[in-house]
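Novice: This is the content of work.txt (compact mmCIF, C-alpha atoms):
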```txt
# COMPACT_ATOMS: atom_id res chain seq x y z
CA MET A 703 182.23 142.80 55.11
CA SER A 704 183.82 144.59 52.16
CA LEU A 705 184.30 142.83 48.86
CA ASN A 706 185.87 145.86 47.17
CA GLY A 707 187.65 144.96 43.96
CA ARG A 708 185.89 141.61 43.47
CA LYS A 709 183.87 141.10 40.33
CA ALA A 710 180.64 139.22 39.72
CA LEU A 711 178.86 138.26 36.52
CA SER A 712 175.12 137.66 36.35
CA PHE A 713 173.35 136.01 33.45
CA ILE A 714 170.14 137.71 32.34
CA HIS A 715 167.26 136.87 30.03
CA ASN A 716 163.52 137.50 29.96
CA ASP A 717 161.21 136.21 32.68
CA PHE A 718 163.86 136.17 35.40
CA GLU A 719 162.35 136.17 38.88
CA ASP A 720 162.49 139.89 39.62
CA LEU A 721 163.73 139.74 43.22
CA GLU A 722 165.97 136.71 42.66
CA TYR A 723 167.79 138.70 40.00
CA TRP A 724 167.91 142.10 41.65
CA TYR A 725 168.51 141.33 45.33
CA PRO A 726 171.88 139.60 44.69
CA VAL A 727 172.98 142.27 42.18
CA TYR A 728 172.23 145.19 44.51
CA ARG A 729 173.48 143.34 47.59
CA LEU A 730 176.86 142.55 46.08
CA ARG A 731 177.19 146.14 44.85
CA GLU A 732 176.42 147.24 48.42
CA ALA A 733 179.29 144.98 49.55
CA GLY A 734 181.64 146.76 47.13
CA MET A 735 181.66 144.35 44.20
CA THR A 736 181.37 145.26 40.55
CA VAL A 737 178.48 143.31 39.03
CA ASP A 738 178.33 142.95 35.24
CA THR A 739 175.38 141.40 33.45
CA ALA A 740 175.49 139.28 30.31
CA GLY A 741 172.54 138.56 28.03
CA GLU A 742 171.92 137.20 24.55
CA VAL A 743 172.50 140.73 23.22
CA ALA A 744 174.59 143.55 24.72
CA GLY A 745 172.73 146.65 25.88
CA GLU A 746 169.35 144.93 25.76
CA THR A 747 166.65 145.50 28.39
CA TYR A 748 165.13 142.24 29.60
CA LYS A 749 161.99 142.00 31.72
CA GLY A 750 161.35 139.93 34.82
CA LYS A 751 158.29 137.70 35.34
CA TYR A 752 156.52 140.69 36.86
CA GLY A 753 158.04 143.19 34.44
CA VAL A 754 160.89 144.76 36.41
CA PRO A 755 163.52 145.68 33.78
CA ALA A 756 167.22 144.76 33.80
CA ALA A 757 169.76 145.65 31.12
CA SER A 758 172.65 143.55 29.86
CA ASP A 759 176.12 145.11 29.90
CA MET A 760 177.48 142.63 27.37
CA ALA A 761 176.60 139.63 25.22
CA PHE A 762 177.36 136.09 26.41
CA ALA A 763 179.91 135.86 23.57
CA ASP A 764 181.85 138.83 24.96
CA VAL A 765 182.32 137.43 28.47
CA ASP A 766 185.84 136.64 29.69
CA PRO A 767 185.14 134.24 32.59
CA ALA A 768 188.67 134.73 33.96
CA ARG A 769 187.76 138.29 34.98
CA TYR A 770 185.13 137.19 37.52
CA ASP A 771 185.16 135.82 41.06
CA LEU A 772 181.49 134.88 41.12
CA LEU A 773 178.75 133.80 38.73
CA LEU A 774 175.09 134.52 39.51
CA VAL A 775 172.35 132.51 37.83
CA PRO A 776 168.94 134.08 38.50
CA GLY A 777 165.71 132.14 39.00
CA GLY A 778 162.36 132.43 37.26
CA TRP A 779 161.86 131.14 33.72
CA ALA A 780 165.07 132.75 32.43
CA PRO A 781 167.13 129.60 33.17
CA ASP A 782 164.99 127.66 30.67
CA LYS A 783 166.23 130.12 28.03
CA LEU A 784 169.77 130.51 29.35
CA ARG A 785 170.64 126.80 29.22
CA ARG A 786 170.08 126.76 25.44
CA PHE A 787 173.07 129.06 24.75
CA PRO A 788 176.38 127.19 24.28
CA GLU A 789 178.24 130.27 25.56
CA VAL A 790 176.26 130.18 28.82
CA ILE A 791 177.16 126.55 29.32
CA GLU A 792 180.83 127.16 28.50
CA ILE A 793 181.08 130.14 30.89
CA THR A 794 179.45 128.08 33.64
CA LYS A 795 181.72 125.08 33.08
CA LYS A 796 184.85 127.25 32.94
CA MET A 797 184.06 129.22 36.09
CA ASN A 798 183.24 125.99 37.93
CA ALA A 799 186.45 124.32 36.72
CA ASP A 800 188.39 127.34 38.00
CA GLY A 801 186.72 127.03 41.41
CA LYS A 802 184.83 130.31 41.11
CA ILE A 803 181.77 130.67 43.32
CA ILE A 804 178.48 130.02 41.54
CA GLY A 805 175.19 131.18 43.04
CA GLN A 806 171.96 129.53 41.91
CA ILE A 807 168.44 130.12 43.18
CA CYS A 808 165.05 128.59 42.43
CA HIS A 809 165.02 127.32 38.80
CA ALA A 810 168.63 128.45 38.17
CA GLY A 811 169.75 124.84 38.69
CA TRP A 812 168.63 124.01 35.14
CA VAL A 813 171.71 125.88 33.86
CA LEU A 814 174.05 124.00 36.20
CA ILE A 815 172.41 120.71 35.19
CA SER A 816 173.10 121.44 31.51
CA ALA A 817 176.68 122.42 32.40
CA ASP A 818 176.92 118.99 34.10
CA ILE A 819 178.57 120.29 37.25
CA LEU A 820 176.24 118.92 39.94
CA LYS A 821 177.44 115.31 40.30
CA GLY A 822 178.02 114.49 43.96
CA LYS A 823 177.15 118.02 45.09
CA ARG A 824 174.76 119.04 47.85
CA VAL A 825 172.29 121.64 46.58
CA THR A 826 168.85 123.10 47.01
CA SER A 827 166.44 124.71 44.50
CA THR A 828 162.74 125.26 44.07
CA PRO A 829 161.11 121.90 44.90
CA GLY A 830 159.71 122.02 41.34
CA ILE A 831 163.07 120.95 39.84
CA ARG A 832 164.18 118.68 42.67
CA ASP A 833 163.89 115.60 40.39
CA ASP A 834 165.98 117.27 37.68
CA MET A 835 168.63 118.12 40.26
CA THR A 836 168.82 114.60 41.70
CA ASN A 837 168.78 113.04 38.20
CA ALA A 838 171.81 115.22 37.45
CA GLY A 839 173.63 113.55 40.36
CA ALA A 840 173.09 116.07 43.13
CA THR A 841 171.94 115.46 46.70
CA TRP A 842 168.94 117.74 47.23
CA LEU A 843 168.27 119.39 50.60
CA ASP A 844 165.22 121.39 51.66
CA GLU A 845 167.14 124.25 53.30
CA ALA A 846 167.10 128.05 52.85
CA VAL A 847 170.69 127.95 51.64
CA VAL A 848 173.15 125.16 50.92
CA VAL A 849 176.91 125.71 50.45
CA ASP A 850 179.01 122.89 48.98
CA GLY A 851 182.48 124.03 47.97
CA ASN A 852 182.06 126.71 45.33
CA LEU A 853 178.31 126.15 44.90
CA VAL A 854 175.85 128.30 46.86
CA SER A 855 172.18 127.48 46.30
CA SER A 856 168.83 128.66 47.59
CA ARG A 857 165.15 127.91 47.06
CA ARG A 858 162.99 131.01 46.63
CA PRO A 859 162.66 134.78 47.30
CA PRO A 860 162.11 134.61 51.09
CA ASP A 861 165.47 132.78 51.29
CA LEU A 862 167.30 135.73 49.71
CA PRO A 863 168.64 137.10 53.02
CA ALA A 864 170.15 133.70 53.93
CA TYR A 865 171.37 133.17 50.35
CA LEU A 866 173.32 136.43 50.22
CA ALA A 867 174.65 136.14 53.76
CA ALA A 868 176.13 132.73 52.87
CA MET A 869 177.40 133.93 49.49
CA ILE A 870 179.18 136.94 51.02
CA GLU A 871 180.66 134.82 53.80
CA THR A 872 181.95 132.32 51.21
CA LEU A 873 183.48 135.12 49.13
CA ALA A 874 185.02 136.86 52.13
CA ALA A 875 186.66 133.62 53.30
CA ARG A 876 188.75 133.49 50.10
CA MET B 295 177.11 144.24 60.98
CA SER B 296 174.49 142.44 63.05
CA LEU B 297 171.28 144.16 64.01
CA ASN B 298 169.89 141.15 65.84
CA GLY B 299 166.99 142.02 68.09
CA ARG B 300 166.20 145.33 66.37
CA LYS B 301 162.75 145.78 64.84
CA ALA B 302 161.64 147.57 61.72
CA LEU B 303 158.19 148.47 60.43
CA SER B 304 157.44 149.01 56.76
CA PHE B 305 154.29 150.59 55.44
CA ILE B 306 152.73 148.81 52.46
CA HIS B 307 149.99 149.58 49.95
CA ASN B 308 149.36 148.91 46.27
CA ASP B 309 151.69 150.19 43.55
CA PHE B 310 154.75 150.32 45.78
CA GLU B 311 157.97 150.31 43.75
CA ASP B 312 158.80 146.62 43.82
CA LEU B 313 162.54 146.84 44.50
CA GLU B 314 162.27 149.89 46.75
CA TYR B 315 159.96 147.90 49.00
CA TRP B 316 161.67 144.51 48.90
CA TYR B 317 165.37 145.36 48.92
CA PRO B 318 165.22 147.14 52.32
CA VAL B 319 162.96 144.45 53.83
CA TYR B 320 165.19 141.55 52.79
CA ARG B 321 168.39 143.45 53.52
CA LEU B 322 167.40 144.29 57.09
CA ARG B 323 166.29 140.68 57.63
CA GLU B 324 169.73 139.61 56.35
CA ALA B 325 171.24 141.93 58.98
CA GLY B 326 169.23 140.17 61.69
CA MET B 327 166.30 142.54 62.12
CA THR B 328 162.67 141.57 62.40
CA VAL B 329 160.70 143.46 59.76
CA ASP B 330 156.92 143.76 60.18
CA THR B 331 154.67 145.23 57.51
CA ALA B 332 151.56 147.30 58.08
CA GLY B 333 148.84 147.94 55.49
CA GLU B 334 145.29 149.25 55.38
CA VAL B 335 144.12 145.71 56.21
CA ALA B 336 145.97 142.95 58.09
CA GLY B 337 146.89 139.83 56.10
CA GLU B 338 146.23 141.50 52.75
CA THR B 339 148.43 140.93 49.71
CA TYR B 340 149.33 144.17 47.97
CA LYS B 341 150.93 144.40 44.55
CA GLY B 342 153.87 146.50 43.41
CA LYS B 343 153.88 148.69 40.30
CA TYR B 344 155.18 145.69 38.34
CA GLY B 345 153.05 143.18 40.24
CA VAL B 346 155.45 141.69 42.78
CA PRO B 347 153.27 140.77 45.79
CA ALA B 348 153.84 141.74 49.44
CA ALA B 349 151.59 140.85 52.37
CA SER B 350 150.74 142.99 55.40
CA ASP B 351 151.34 141.49 58.84
CA MET B 352 149.01 143.95 60.52
CA ALA B 353 146.70 146.91 59.94
CA PHE B 354 147.92 150.48 60.47
CA ALA B 355 145.51 150.71 63.42
CA ASP B 356 147.24 147.78 65.17
CA VAL B 357 150.75 149.24 65.08
CA ASP B 358 152.47 150.09 68.35
CA PRO B 359 155.18 152.54 67.20
CA ALA B 360 157.08 152.11 70.49
CA ARG B 361 158.02 148.56 69.46
CA TYR B 362 160.11 149.66 66.48
CA ASP B 363 163.60 151.07 65.96
CA LEU B 364 163.09 151.96 62.30
CA LEU B 365 160.30 152.96 59.94
CA LEU B 366 160.52 152.20 56.22
CA VAL B 367 158.41 154.13 53.74
CA PRO B 368 158.57 152.52 50.28
CA GLY B 369 158.53 154.42 46.99
CA GLY B 370 156.33 154.05 43.94
CA TRP B 371 152.72 155.28 43.99
CA ALA B 372 151.97 153.70 47.37
CA PRO B 373 152.96 156.90 49.26
CA ASP B 374 150.12 158.78 47.50
CA LYS B 375 147.75 156.29 49.16
CA LEU B 376 149.59 155.97 52.44
CA ARG B 377 149.55 159.70 53.28
CA ARG B 378 145.73 159.67 53.31
CA PHE B 379 145.53 157.42 56.40
CA PRO B 380 145.55 159.33 59.71
CA GLU B 381 147.15 156.29 61.40
CA VAL B 382 150.06 156.39 58.95
CA ILE B 383 150.63 160.05 59.71
CA GLU B 384 150.37 159.48 63.47
CA ILE B 385 152.83 156.54 63.39
CA THR B 386 155.27 158.61 61.34
CA LYS B 387 154.99 161.65 63.63
CA LYS B 388 155.39 159.51 66.77
CA MET B 389 158.41 157.59 65.53
CA ASN B 390 160.05 160.83 64.40
CA ALA B 391 159.32 162.52 67.74
CA ASP B 392 160.92 159.54 69.48
CA GLY B 393 164.03 159.88 67.31
CA LYS B 394 163.51 156.57 65.54
CA ILE B 395 165.23 156.20 62.19
CA ILE B 396 162.96 156.78 59.20
CA GLY B 397 163.96 155.59 55.73
CA GLN B 398 162.33 157.17 52.70
CA ILE B 399 163.07 156.54 49.02
CA CYS B 400 161.78 158.01 45.76
CA HIS B 401 158.16 159.21 46.28
CA ALA B 402 158.11 158.14 49.96
CA GLY B 403 158.72 161.76 50.94
CA TRP B 404 155.03 162.53 50.37
CA VAL B 405 154.28 160.68 53.63
CA LEU B 406 156.91 162.65 55.55
CA ILE B 407 155.60 165.88 54.04
CA SER B 408 152.08 165.11 55.31
CA ALA B 409 153.54 164.20 58.71
CA ASP B 410 155.18 167.67 58.64
CA ILE B 411 158.58 166.44 59.81
CA LEU B 412 160.85 167.82 57.07
CA LYS B 413 161.33 171.43 58.18
CA GLY B 414 165.02 172.31 58.18
CA LYS B 415 166.06 168.81 57.18
CA ARG B 416 168.45 167.79 54.42
CA VAL B 417 166.87 165.13 52.21
CA THR B 418 166.79 163.62 48.76
CA SER B 419 163.97 161.95 46.78
CA THR B 420 162.97 161.33 43.19
CA PRO B 421 163.49 164.68 41.42
CA GLY B 422 159.77 164.48 40.58
CA ILE B 423 158.78 165.56 44.11
CA ARG B 424 161.70 167.91 44.72
CA ASP B 425 159.36 170.93 44.76
CA ASP B 426 157.02 169.27 47.27
CA MET B 427 159.99 168.50 49.51
CA THR B 428 161.38 172.05 49.42
CA ASN B 429 157.90 173.55 49.89
CA ALA B 430 157.66 171.40 53.05
CA GLY B 431 160.77 173.14 54.39
CA ALA B 432 163.48 170.66 53.46
CA THR B 433 166.81 171.31 51.74
CA TRP B 434 166.91 168.99 48.74
CA LEU B 435 170.17 167.36 47.59
CA ASP B 436 170.78 165.34 44.44
CA GLU B 437 172.75 162.54 46.13
CA ALA B 438 172.37 158.74 46.21
CA VAL B 439 171.72 158.87 49.94
CA VAL B 440 171.34 161.69 52.46
CA VAL B 441 171.45 161.19 56.22
CA ASP B 442 170.26 164.00 58.49
CA GLY B 443 169.82 162.92 62.08
CA ASN B 444 167.19 160.19 62.11
CA LEU B 445 166.20 160.68 58.46
CA VAL B 446 167.79 158.54 55.76
CA SER B 447 166.66 159.29 52.21
CA SER B 448 167.44 158.05 48.73
CA ARG B 449 166.36 158.77 45.15
CA ARG B 450 165.64 155.62 43.12
CA PRO B 451 166.32 151.87 42.76
CA PRO B 452 169.98 152.06 41.63
CA ASP B 453 170.67 153.95 44.88
CA LEU B 454 169.42 151.01 46.98
CA PRO B 455 172.93 149.70 47.82
CA ALA B 456 174.00 153.14 49.12
CA TYR B 457 170.64 153.63 50.87
CA LEU B 458 170.85 150.41 52.86
CA ALA B 459 174.56 150.77 53.63
CA ALA B 460 173.84 154.18 55.19
CA MET B 461 170.71 152.95 56.98
CA ILE B 462 172.54 150.01 58.54
CA GLU B 463 175.48 152.19 59.55
CA THR B 464 173.08 154.67 61.19
CA LEU B 465 171.30 151.86 63.05
CA ALA B 466 174.53 150.19 64.14
CA ALA B 467 175.87 153.47 65.56
CA ARG B 468 173.01 153.58 68.09
```
For this file, write the structure as structure tokens.
Specialist:
Amino acid sequence: MSLNGRKALSFIHNDFEDLEYWYPVYRLREAGMTVDTAGEVAGETYKGKYGVPAASDMAFADVDPARYDLLLVPGGWAPDKLRRFPEVIEITKKMNADGKIIGQICHAGWVLISADILKGKRVTSTPGIRDDMTNAGATWLDEAVVVDGNLVSSRRPPDLPAYLAAMIETLAAR
Amino acid sequence: MSLNGRKALSFIHNDFEDLEYWYPVYRLREAGMTVDTAGEVAGETYKGKYGVPAASDMAFADVDPARYDLLLVPGGWAPDKLRRFPEVIEITKKMNADGKIIGQICHAGWVLISADILKGKRVTSTPGIRDDMTNAGATWLDEAVVVDGNLVSSRRPPDLPAYLAAMIETLAAR
């Protein structure tokens, strides 16, 4: 399924879960998408929990959310950092309001909680933040991948194949 | 492209390149394949260069090469270990003789060199082992992915999208 011409944005910060960041980025590039990455600082190299590096193409402040069809929020401890940036929250809110697809895996839900976009939505995440997700108004399901409208969510690295298959199907259907 | 019912085997040992091991494994699972992993010891957890873990399903000695359609050799420093096991060399020789697809990335070529299956073949690899590859009789190309018959080769992590696209296309054409 070709997604040529579509554009994705991934947030990045230190201590991302290495595979949860990289599998979606490479997979969407394989499908023909352009994937840009935004961090606190442009051109910075961040390190995953295990140390795999990933560079930011731009700073959060330089992101134009209107240019993107999809937002990726990686898992790991990065979401604990990411949710503290007002620009991250604004980008997330704007892309959600515009109906853009948002992918979240593992602890990524923390960012969507702080953007207050989970009320009445069916989602999954690492079981570790299940209570945070339900307190934010979501219905939490223990499934490899959950799709509810524009939100695609997954639990952990072994779910990555199901997560990306569902994400690509959701994109291709548009 | 569905590859349901097809089976892949990946070799595993310590200091594999984390993404070069995991991206192909998850990607082929996403495409419907069963991917088994074989290490020196069954049920052992090996660690990538950065520390991402990966467990072996079976020992090299327990592999039946006839059961598999595809062999994956990961990059990193693992190939320097892998090529020392006679079982690894025998599995590689047998699968090549049977025309099974063999994927190699980065330093993985060391295993194919020791299996002596590169004579007259067009391949790529990390430039670091270019001389070893040409000394083994291969023609070396500086391309993201090279397909020559049953051999699919790639250079480094950013080539992973091209590597898997070519591997899946080669599998699907059979």
Novice: Calculated over all atoms listed in the file, which of the candidates A:Thr841, A:Thr828, A:Gln806, A:Ser704 has the smallest distance to chain B?
Specialist: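 Of A:Thr841, A:Thr828, A:Gln806, A:Ser704, the one nearest chain B is A:Ser704, counting all atoms listed in the file.
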Novice: Quick one: residues within 9 Å of Glu742 in chain A, only C-alpha atoms, excluding same-chain residues fewer than 6 positions away - as a list in words?
Specialist: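 Near neighbours after the sequence-gap exclusion: Ile714, His715, Ser758, Met760, Ala761, Phe762, Ala763, Leu784 and Phe787 of chain A.
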Novice: Please, which residues of chain A lie no more than 7 Å from chain B when the count uses only C-alpha atoms, and can they be set out as an NGL selection string?
Specialist: :A and (725 or 728-729 or 731-732 or 752-754 or 862-864 or 867)
Novice: Could you give me chain B least-squares fitted onto chain A (all C-alpha atoms, paired in order), as a tab-separated table (two decimals) with C-alpha atoms, keeping the file's coordinate frame?
Specialist:
```tsv
chain	number	residue	atom	x	y	z
B	295	MET	CA	182.20	142.81	55.08
B	296	SER	CA	183.82	144.59	52.15
B	297	LEU	CA	184.31	142.83	48.85
B	298	ASN	CA	185.86	145.84	47.16
B	299	GLY	CA	187.65	144.95	43.96
B	300	ARG	CA	185.88	141.61	43.49
B	301	LYS	CA	183.85	141.08	40.32
B	302	ALA	CA	180.63	139.23	39.72
B	303	LEU	CA	178.84	138.26	36.52
B	304	SER	CA	175.11	137.66	36.35
B	305	PHE	CA	173.35	136.01	33.46
B	306	ILE	CA	170.14	137.72	32.35
B	307	HIS	CA	167.26	136.87	30.03
B	308	ASN	CA	163.52	137.49	29.96
B	309	ASP	CA	161.20	136.21	32.69
B	310	PHE	CA	163.87	136.16	35.38
B	311	GLU	CA	162.36	136.20	38.87
B	312	ASP	CA	162.49	139.90	39.63
B	313	LEU	CA	163.74	139.75	43.22
B	314	GLU	CA	165.97	136.73	42.66
B	315	TYR	CA	167.81	138.71	40.00
B	316	TRP	CA	167.92	142.12	41.66
B	317	TYR	CA	168.51	141.33	45.33
B	318	PRO	CA	171.88	139.60	44.69
B	319	VAL	CA	172.99	142.27	42.18
B	320	TYR	CA	172.25	145.19	44.50
B	321	ARG	CA	173.49	143.35	47.58
B	322	LEU	CA	176.88	142.55	46.07
B	323	ARG	CA	177.19	146.14	44.84
B	324	GLU	CA	176.43	147.25	48.42
B	325	ALA	CA	179.29	144.99	49.55
B	326	GLY	CA	181.64	146.75	47.12
B	327	MET	CA	181.66	144.34	44.20
B	328	THR	CA	181.37	145.26	40.55
B	329	VAL	CA	178.49	143.30	39.03
B	330	ASP	CA	178.33	142.94	35.24
B	331	THR	CA	175.37	141.40	33.44
B	332	ALA	CA	175.50	139.29	30.31
B	333	GLY	CA	172.53	138.57	28.03
B	334	GLU	CA	171.91	137.20	24.55
B	335	VAL	CA	172.49	140.73	23.22
B	336	ALA	CA	174.59	143.54	24.72
B	337	GLY	CA	172.71	146.65	25.89
B	338	GLU	CA	169.33	144.93	25.77
B	339	THR	CA	166.65	145.49	28.40
B	340	TYR	CA	165.12	142.25	29.60
B	341	LYS	CA	161.99	142.00	31.71
B	342	GLY	CA	161.34	139.93	34.82
B	343	LYS	CA	158.30	137.70	35.33
B	344	TYR	CA	156.51	140.70	36.87
B	345	GLY	CA	158.03	143.20	34.44
B	346	VAL	CA	160.88	144.76	36.40
B	347	PRO	CA	163.51	145.68	33.78
B	348	ALA	CA	167.22	144.77	33.80
B	349	ALA	CA	169.76	145.66	31.12
B	350	SER	CA	172.66	143.55	29.85
B	351	ASP	CA	176.12	145.10	29.90
B	352	MET	CA	177.47	142.63	27.37
B	353	ALA	CA	176.59	139.62	25.22
B	354	PHE	CA	177.36	136.08	26.40
B	355	ALA	CA	179.91	135.85	23.57
B	356	ASP	CA	181.85	138.83	24.97
B	357	VAL	CA	182.32	137.43	28.47
B	358	ASP	CA	185.83	136.65	29.69
B	359	PRO	CA	185.14	134.23	32.58
B	360	ALA	CA	188.67	134.73	33.95
B	361	ARG	CA	187.74	138.28	34.98
B	362	TYR	CA	185.13	137.18	37.52
B	363	ASP	CA	185.17	135.82	41.07
B	364	LEU	CA	181.49	134.87	41.13
B	365	LEU	CA	178.75	133.80	38.75
B	366	LEU	CA	175.10	134.51	39.52
B	367	VAL	CA	172.35	132.51	37.84
B	368	PRO	CA	168.93	134.08	38.50
B	369	GLY	CA	165.71	132.14	38.99
B	370	GLY	CA	162.35	132.43	37.27
B	371	TRP	CA	161.87	131.14	33.72
B	372	ALA	CA	165.07	132.75	32.44
B	373	PRO	CA	167.14	129.60	33.18
B	374	ASP	CA	165.00	127.65	30.66
B	375	LYS	CA	166.24	130.12	28.03
B	376	LEU	CA	169.76	130.51	29.35
B	377	ARG	CA	170.64	126.79	29.23
B	378	ARG	CA	170.09	126.76	25.45
B	379	PHE	CA	173.08	129.05	24.75
B	380	PRO	CA	176.38	127.18	24.30
B	381	GLU	CA	178.25	130.27	25.58
B	382	VAL	CA	176.27	130.19	28.83
B	383	ILE	CA	177.16	126.55	29.33
B	384	GLU	CA	180.83	127.16	28.49
B	385	ILE	CA	181.08	130.14	30.89
B	386	THR	CA	179.46	128.08	33.64
B	387	LYS	CA	181.73	125.07	33.06
B	388	LYS	CA	184.86	127.26	32.95
B	389	MET	CA	184.06	129.21	36.10
B	390	ASN	CA	183.24	125.98	37.93
B	391	ALA	CA	186.46	124.33	36.73
B	392	ASP	CA	188.37	127.35	38.00
B	393	GLY	CA	186.71	127.04	41.41
B	394	LYS	CA	184.83	130.31	41.12
B	395	ILE	CA	181.77	130.67	43.32
B	396	ILE	CA	178.48	130.01	41.54
B	397	GLY	CA	175.19	131.17	43.04
B	398	GLN	CA	171.97	129.53	41.92
B	399	ILE	CA	168.44	130.12	43.20
B	400	CYS	CA	165.04	128.59	42.44
B	401	HIS	CA	165.02	127.33	38.80
B	402	ALA	CA	168.64	128.45	38.18
B	403	GLY	CA	169.75	124.85	38.68
B	404	TRP	CA	168.64	124.02	35.13
B	405	VAL	CA	171.72	125.90	33.87
B	406	LEU	CA	174.05	124.00	36.20
B	407	ILE	CA	172.41	120.72	35.19
B	408	SER	CA	173.11	121.45	31.50
B	409	ALA	CA	176.68	122.43	32.42
B	410	ASP	CA	176.92	118.99	34.10
B	411	ILE	CA	178.57	120.29	37.26
B	412	LEU	CA	176.23	118.91	39.94
B	413	LYS	CA	177.45	115.33	40.30
B	414	GLY	CA	178.03	114.51	43.96
B	415	LYS	CA	177.14	118.01	45.09
B	416	ARG	CA	174.76	119.03	47.85
B	417	VAL	CA	172.30	121.64	46.59
B	418	THR	CA	168.85	123.10	47.02
B	419	SER	CA	166.44	124.70	44.51
B	420	THR	CA	162.73	125.25	44.06
B	421	PRO	CA	161.11	121.89	44.89
B	422	GLY	CA	159.72	122.02	41.34
B	423	ILE	CA	163.07	120.97	39.84
B	424	ARG	CA	164.15	118.67	42.66
B	425	ASP	CA	163.88	115.62	40.39
B	426	ASP	CA	165.98	117.27	37.67
B	427	MET	CA	168.64	118.12	40.25
B	428	THR	CA	168.81	114.59	41.69
B	429	ASN	CA	168.77	113.04	38.20
B	430	ALA	CA	171.83	115.23	37.45
B	431	GLY	CA	173.65	113.56	40.35
B	432	ALA	CA	173.10	116.07	43.13
B	433	THR	CA	171.92	115.45	46.69
B	434	TRP	CA	168.93	117.73	47.21
B	435	LEU	CA	168.27	119.40	50.59
B	436	ASP	CA	165.22	121.39	51.64
B	437	GLU	CA	167.14	124.24	53.29
B	438	ALA	CA	167.11	128.04	52.85
B	439	VAL	CA	170.70	127.95	51.64
B	440	VAL	CA	173.17	125.15	50.92
B	441	VAL	CA	176.90	125.70	50.45
B	442	ASP	CA	179.00	122.91	48.97
B	443	GLY	CA	182.47	124.02	47.97
B	444	ASN	CA	182.05	126.71	45.33
B	445	LEU	CA	178.30	126.16	44.91
B	446	VAL	CA	175.84	128.29	46.87
B	447	SER	CA	172.18	127.47	46.30
B	448	SER	CA	168.84	128.68	47.58
B	449	ARG	CA	165.15	127.89	47.07
B	450	ARG	CA	162.98	131.01	46.62
B	451	PRO	CA	162.67	134.76	47.30
B	452	PRO	CA	162.11	134.62	51.09
B	453	ASP	CA	165.46	132.78	51.30
B	454	LEU	CA	167.30	135.73	49.70
B	455	PRO	CA	168.64	137.11	53.03
B	456	ALA	CA	170.14	133.70	53.94
B	457	TYR	CA	171.37	133.18	50.36
B	458	LEU	CA	173.32	136.43	50.21
B	459	ALA	CA	174.65	136.14	53.77
B	460	ALA	CA	176.13	132.74	52.87
B	461	MET	CA	177.41	133.94	49.49
B	462	ILE	CA	179.18	136.93	51.01
B	463	GLU	CA	180.66	134.81	53.80
B	464	THR	CA	181.95	132.32	51.21
B	465	LEU	CA	183.48	135.12	49.13
B	466	ALA	CA	185.02	136.86	52.13
B	467	ALA	CA	186.68	133.62	53.29
B	468	ARG	CA	188.75	133.49	50.08
```
Novice: List as a ChimeraX atom specification the protein and nucleic acid residues near range 819-821 of chain A, meaning an atom at most 7 Å away when all atoms listed in the file are counted, but skip any in the same chain fewer than 6 places from it.
Specialist: /A:838-840
Novice: Could you check how far CA of Ala846 in chain A sits from CA of Leu365 in chain B, in Å to one decimal?
Specialist: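 These two atoms are separated by 26.8 Å.
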Novice: Within 7 Å of Ala348 in chain B, counting all atoms listed in the file, which residues show up once you throw out same-chain ones fewer than 6 positions away? Write them as a list in words, please.
Specialist: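 Listing them by chain and then by number gives Thr339, Tyr340 and Lys341 of chain B.
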Novice: Restricting the calculation to only C-alpha atoms: of B:Asp358, B:Asp374, B:Glu381, B:Asp351, which residue gets closest to Thr331 in chain B?
Specialist: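 Among the listed residues, B:Asp351 lies closest to Thr331 in chain B.
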Novice: Skip Asn429 in chain B itself and residues of its chain fewer than 4 positions away, then list as an NGL selection string all residues within 12 Å of it, counting all atoms listed in the file.
Specialist: :B and (403-404 or 407-408 or 410 or 412-415 or 423-425 or 433-434)
Novice: May I ask for the distance between CA of Lys394 in chain B and CA of Ala360 in chain B, given in Å to one decimal place?
Specialist: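 So the two atoms, CA of Lys394 in chain B and CA of Ala360 in chain B, lie 9.3 Å apart.
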Novice: Need the shell around Leu406 in chain B: protein/DNA/RNA residues with any atom at most 10 Å away, counting all atoms listed in the file. Skip same-chain ones fewer than 4 positions apart. Format as JSON, numbers by chain?
Specialist: {"B": [367, 373, 377, 382, 383, 386, 387, 390, 396, 397, 398, 401, 402, 410, 411, 412, 427, 430, 445]}
Novice: Take CA of Val357 in chain B and CA of Asp426 in chain B and report the distance between them in Å, one decimal.
Specialist: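 Distance reported for this atom pair: 27.5 Å.
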